[in-house]
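Asker: Here it is: the structure, laid out below.
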Amino acid sequence: MPNITDNINHILQRVTESARQAGRKGDDITVLAVSKQQPVDRIRQAWEDGLYRFGENYLQEALGKIETLSDLAIEWHFIGPIQSNKTAAIAEHFAWVHSVDRLKIARRLSEQRPPHLPPLNICLQVNIDREASKTGVAPDETAALAEAVATLPNLHLRGLMAIPRPRPPGDERREPFFRLARLLDNLRNRSPELSRLDTLSMGMSGDMEDAILAGATIIRVGTALFGPRPPLRATERTTDHQAR
Ligand SMILES: *Cc1c(COP(=O)(O)O)cnc(C)c1O
């Protein structure tokens, strides 16, 4: 098993240092532990070390883990592509969804959110680099989607998420994060409802510093925490991956 305790400490040092450079408080940045393809004993270890928010990409895999780890008060975040026939299970089992990119999915999540649960926290995934292959709403269509999602009763729209295309280190790598931050600012100025948006979910193991400098409030960290991901098991490939 990788030394998860050491990895967490190292990540927290990186967060603290880049927050300092940005003139921000380290406490304002949440580490979401991305546990996709990682075995449950590593999640337990991270929990014992104080992390309690975990992100998963593949629904079938996630549901198994949620069941196995139901003795822990984990806050589960769904961060993967969403097929419309999977929304009911996502609405039932997660506290956050970071990857909403169309109104149809948002409507279904709202309708299917069980009444005994608090509103489902939502980030809109923005295709910040307008890549043909990527999911995400186009930057210039984000405001219309945000206004529509904000009216849905069982959702709590929190902000924006993006995965920029890979870039070399330096200013160039920060640029898409600053663009996402500006997009959130523009949304906040549109209406009293949207003025409450408070979340920028951006930055991963390789670029968390750049994202924090640009204002990230949630960084999604997998490899730097848990080590390299073991390959997907065959069942997960067929149930979750084939349809994409
Ligand atoms: C896998 C994944 C991550 C984590 O990536 P690392 O580079 O391993 O930190 C973050 N966000 C999303 C949406 C992912 O799919």
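Letters A, B, ... mark the chains of the structure tokens in the order given; residue numbers begin at 1 per chain; ligand numbers begin at 1, in order shown.
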Just the residues within 8 Å of segment 85-100 of chain A, please, counting only C-alpha atoms, with nothing from its chain fewer than 5 positions along; format it as a PyMOL selection string.
Answerer: chain A and resi 59+63+66+75-80+105-106+108-110+112-114+120-125+136+160-161+201
Asker: Find the residues around Ala144 of chain A up to 12 Å (only C-alpha atoms counted), leave out those fewer than 2 positions away in its own chain, and share them as a list in words.
Answerer: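 Near Ala144 of chain A, the qualifying residues are Asp101, Arg102, Leu103, Leu124, Val137, Ala138, Pro139, Asp140, Glu141, Thr142, Ala146, Glu147, Ala148, Val149, Ala150, Thr151, Leu187, Arg190, Ser191 and Leu194 of chain A.
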Asker: Please write out the residues within 9 Å of ligand 1 as a PyMOL selection string, counting only C-alpha atoms and all ligand atoms.
Answerer: chain A and resi 32-36+55-57+78-81+98-99+161-163+201-208+219-229
Asker: Find the distance between atom CA of Tyr52 of chain A and atom CA of Leu69 of chain A and write it in Å to one decimal.
Answerer: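 Distance reported for this atom pair: 11.5 Å.
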Asker: Given the choices A:Leu197, A:Asp129, A:Arg188, A:Ile29, which gets closest to Ala211 of chain A if the distance is worked out from only C-alpha atoms?
Answerer: A:Ile29
Asker: Would you return as a PyMOL selection string the members of segment 14-183 of chain A that DSSP assigns to helix (DSSP H, G or I) on this structure's backbone?
Answerer: chain A and resi 14-22+26-28+40-48+59-68+84-93+103-112+139-149+171-183
Asker: Using only C-alpha atoms, pick whichever of A:Lys65, A:Val15, A:Arg24, A:Gly170 has the shortest atom-to-atom distance to Gln38 of chain A.
Answerer: A:Lys65
Asker: What's the separation between atom CA of Trp47 of chain A and atom CA of Gln60 of chain A, in Å to one decimal place?
Answerer: 21.3 Å
Asker: Which residue gives the smallest distance to Val126 of chain A among A:Leu180, A:Asp171, A:Gln45, A:Ser84, with only C-alpha atoms counted?
Answerer: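 Closest to Val126 of chain A, using only C-alpha atoms: A:Leu180.
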Asker: Could you please determine the separation between atom CA of Glu48 of chain A and atom CA of Ser70 of chain A in Å, to one decimal place?
Answerer: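 Separating atom CA of Glu48 of chain A from atom CA of Ser70 of chain A is a distance of 14.6 Å.
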Asker: Do you know which residues are at most 9 Å from Leu213 of chain A counting only C-alpha atoms, after dropping those on the same chain fewer than 3 positions away, and could you put them as a list in words?
Answerer: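 So the residues in contact are Ser18, Ala19, Gln21, Ala22, Gly23, Arg24, Arg174, Phe177, Phe178, Met208, Glu209, Asp210 and Ala216 of chain A.
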